[in-house]
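*Asks:* For reference, this is upload20.cif, and it has mmCIF, C-alpha atoms.
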data_work
loop_
_atom_site.label_atom_id
_atom_site.label_comp_id
_atom_site.auth_asym_id
_atom_site.auth_seq_id
_atom_site.Cartn_x
_atom_site.Cartn_y
_atom_site.Cartn_z
CA MET A 1 174.80 205.33 171.25
CA ALA A 2 172.18 203.28 173.10
CA LEU A 3 169.66 206.04 172.52
CA ASN A 4 170.09 205.65 168.76
CA TYR A 5 169.32 201.93 169.00
CA ILE A 6 166.26 202.60 171.14
CA GLN A 7 165.03 205.26 168.71
CA SER A 8 165.44 202.78 165.86
CA LEU A 9 163.37 200.21 167.75
CA TYR A 10 160.58 202.70 168.36
CA ALA A 11 160.67 203.77 164.69
CA ILE A 12 160.11 200.12 163.73
CA GLU A 13 157.22 199.94 166.21
CA LYS A 14 155.67 203.04 164.66
CA LYS A 15 155.67 201.30 161.28
CA ALA A 16 154.25 198.13 162.83
CA LYS A 17 151.39 199.85 164.63
CA SER A 18 148.86 199.40 161.83
CA LEU A 19 149.82 195.78 161.07
CA THR A 20 148.13 192.61 162.25
CA PRO A 21 149.86 190.80 165.14
CA GLU A 22 151.32 188.21 162.76
CA GLU A 23 152.69 190.86 160.39
CA ARG A 24 154.01 192.85 163.36
CA GLN A 25 155.87 189.82 164.67
CA HIS A 26 157.39 189.14 161.25
CA LEU A 27 158.52 192.77 160.92
CA ARG A 28 160.02 192.75 164.40
CA VAL A 29 162.03 189.59 163.76
CA LYS A 30 163.24 190.94 160.43
CA LYS A 31 164.01 194.55 161.44
CA ALA A 32 164.17 194.87 165.24
CA GLU A 33 166.12 191.72 166.09
CA PRO A 34 169.34 192.94 164.41
CA VAL A 35 169.02 196.31 166.18
CA LEU A 36 168.53 194.54 169.51
CA GLN A 37 171.60 192.41 168.82
CA GLN A 38 173.68 195.55 168.17
CA LEU A 39 172.30 197.10 171.37
CA HIS A 40 173.24 193.96 173.31
CA GLU A 41 176.79 194.08 171.94
CA TRP A 42 177.10 197.76 172.86
CA LEU A 43 175.75 197.10 176.37
CA SER A 44 178.16 194.18 176.88
CA LYS A 45 181.16 196.28 175.79
CA SER A 46 180.04 199.26 177.88
CA ALA A 47 179.49 197.12 180.97
CA LYS A 48 183.22 196.41 181.00
CA THR A 49 184.19 200.08 180.87
CA VAL A 50 181.83 201.69 183.39
CA THR A 51 181.79 201.47 187.16
CA PRO A 52 179.16 198.86 188.11
CA LYS A 53 177.73 200.99 190.94
CA SER A 54 177.38 204.16 188.84
CA LYS A 55 173.89 204.98 187.57
CA ILE A 56 174.75 204.00 184.01
CA GLY A 57 176.47 200.85 185.28
CA VAL A 58 173.37 199.84 187.25
CA ALA A 59 171.15 200.56 184.21
CA ILE A 60 173.35 198.51 181.89
CA SER A 61 173.55 195.64 184.36
CA TYR A 62 169.76 195.65 184.84
CA THR A 63 169.15 195.66 181.09
CA LEU A 64 171.55 192.78 180.51
CA ASN A 65 169.99 190.80 183.38
CA GLN A 66 166.52 191.29 181.86
CA TRP A 67 167.63 190.69 178.28
CA GLU A 68 165.59 187.55 177.56
CA LYS A 69 162.46 189.21 178.94
CA LEU A 70 163.13 192.23 176.74
CA ARG A 71 163.38 190.03 173.65
CA ARG A 72 159.97 188.41 174.23
CA TYR A 73 158.14 191.18 172.42
CA LEU A 74 159.93 190.20 169.19
CA TYR A 75 158.09 186.90 168.98
CA SER A 76 154.60 188.08 169.82
CA GLY A 77 152.85 190.66 167.71
CA GLU A 78 150.38 191.19 170.55
CA LEU A 79 152.97 192.48 173.03
CA GLY A 80 154.08 196.09 173.02
CA ILE A 81 157.68 197.23 173.08
CA ASP A 82 156.94 198.87 176.43
CA ASN A 83 154.18 198.88 179.00
CA ASN A 84 153.15 202.54 178.73
CA VAL A 85 149.51 201.80 177.82
CA THR A 86 149.16 199.38 180.73
CA GLU A 87 150.82 201.81 183.13
CA ARG A 88 148.49 204.61 182.02
CA ASP A 89 145.40 202.43 182.46
CA ILE A 90 146.55 201.28 185.90
CA ARG A 91 147.22 204.89 186.89
CA LEU A 92 143.70 205.85 185.80
CA HIS A 93 142.21 202.98 187.81
CA ARG A 94 144.27 203.94 190.89
CA LEU A 95 143.14 207.54 190.60
CA THR A 96 139.48 206.62 190.40
CA THR A 97 139.87 204.21 193.32
CA ARG A 98 141.42 206.98 195.43
CA LEU A 99 138.56 209.26 194.51
CA LEU A 100 136.14 206.56 195.55
CA ILE A 101 137.81 206.03 198.91
CA TYR A 102 138.44 209.64 199.89
CA LYS A 103 136.10 211.92 197.99
CA VAL A 104 132.81 210.15 197.32
CA LYS A 105 130.05 210.40 199.88
CA PRO A 106 128.96 207.02 201.27
CA ALA A 107 125.48 207.35 199.75
CA ARG A 108 127.01 207.76 196.25
CA LYS A 109 129.58 204.93 196.38
CA ASP A 110 127.36 202.39 194.58
CA HIS A 111 126.75 204.85 191.76
CA PHE A 112 130.47 205.61 191.55
CA ASN A 113 131.29 201.88 191.58
CA LEU A 114 129.02 201.40 188.59
CA LYS A 115 130.76 204.21 186.70
CA LEU A 116 134.14 202.74 187.59
CA THR A 117 133.06 199.31 186.31
CA ILE A 118 131.86 200.79 183.02
CA LEU A 119 135.06 202.83 182.69
CA SER A 120 137.17 199.70 183.25
CA LEU A 121 135.14 197.84 180.63
CA LEU A 122 135.60 200.65 178.12
CA ILE A 123 139.35 200.72 178.77
CA PHE A 124 139.47 196.98 178.13
CA LEU A 125 137.43 197.34 174.93
CA ARG A 126 139.73 200.12 173.71
CA TRP A 127 142.71 197.85 174.31
CA ALA A 128 140.98 194.94 172.57
CA VAL A 129 140.12 196.99 169.49
CA ARG A 130 143.62 198.50 169.27
CA ASN A 131 145.18 195.06 169.45
CA GLY A 132 142.83 193.43 166.96
CA ARG A 133 141.28 191.07 169.48
CA ARG A 134 138.49 188.99 167.97
CA PHE A 135 137.21 187.41 171.19
CA VAL A 136 135.38 190.54 172.27
CA SER A 137 131.76 190.26 171.21
CA TRP A 138 129.70 193.43 171.10
CA ASP A 139 126.52 191.45 171.91
CA LEU A 140 128.10 189.98 175.05
CA THR A 141 129.38 193.40 176.03
CA MET A 142 125.92 194.96 175.68
CA LYS A 143 124.36 192.12 177.70
CA ALA A 144 126.92 192.69 180.46
CA LEU A 145 126.20 196.43 180.47
CA LYS A 146 122.44 195.81 180.65
CA ARG A 147 122.91 193.59 183.70
CA LEU A 148 124.65 196.46 185.46
#
Just dump the structure as structure tokens.

*Replies:*
Amino acid sequence: MALNYIQSLYAIEKKAKSLTPEERQHLRVKKAEPVLQQLHEWLSKSAKTVTPKSKIGVAISYTLNQWEKLRRYLYSGELGIDNNVTERDIRLHRLTTRLLIYKVKPARKDHFNLKLTILSLLIFLRWAVRNGRRFVSWDLTMKALKRL
């Protein structure tokens, strides 16, 4: 049952992907809030019927304890429903840092640091463009790259 609610929430997010942050927030409040309310009711009922120390009991308890934090994405069109993009970008940064520490010869570390800095900047720009950020100026970005 919970999976159906979660699938509904992600279907709403799929529709909201191309919208502006303001439109996305409006859509979420209109469509996703009722689904979240139904999910909350289901979780509350299920919490009473499952063993608290079982895996599903722990998951339900955790979700209910984090409920207000979960609902925050409804009221901000700039937040995602999950943190998958952030996790992926952090994973990429961790991987490149490990490569830098263990695999790069000392004479090449400065060169690799430069590439890592540019990669981080490009990841940020990709995020900014996807999220409709207006504060990113291409001129300032090019000036920063030239200083590198």

*Asks:* Which residues are close to range 70-77 of chain A, i.e. within 10 Å by only C-alpha atoms, leaving aside same-chain residues fewer than 6 positions away? Reply as a ChimeraX atom specification.

*Replies:* /A:16-17,19-33,36-37,63-64,131

*Asks:* Take the PyMOL selection byres ((chain A and resi 38) around 12), apply it to the structure above, and return the hits as a PyMOL selection string.

*Replies:* chain A and resi 1-2+4-6+8-9+31-37+39-45

*Asks:* What's the separation between CA of Leu122 in chain A and CA of Lys15 in chain A, in Å to one decimal place?

*Replies:*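 Atom-to-atom, CA of Leu122 in chain A to CA of Lys15 in chain A, that is 26.2 Å.
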
*Asks:* Go ahead and compute the interatomic distance for CA of Lys53 in chain A and CA of Tyr10 in chain A, in Å to one decimal.

*Replies:*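 Distance reported for this atom pair: 28.4 Å.
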
*Asks:* The centre and edge lengths of an axis-aligned box containing all atoms of range 38-57 of chain A present in the file, extended by 8 Å on each side, are to be given in Å to one decimal, as AutoDock Vina command-line options.

*Replies:*
--center_x 178.2 --center_y 199.5 --center_z 179.6 --size_x 27.9 --size_y 27.0 --size_z 38.8

*Asks:* So, with only C-alpha atoms as the atoms that count, which of A:Asp82, A:Leu114, A:Ser120, A:Ala11 lies closest to Arg94 in chain A?

*Replies:*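 Among the listed residues, A:Ser120 lies closest to Arg94 in chain A.
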
*Asks:* Could you check how far CA of Glu13 in chain A sits from CA of Gly80 in chain A, in Å to one decimal?

*Replies:*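 We find that CA of Glu13 in chain A and CA of Gly80 in chain A lie 8.4 Å from each other.
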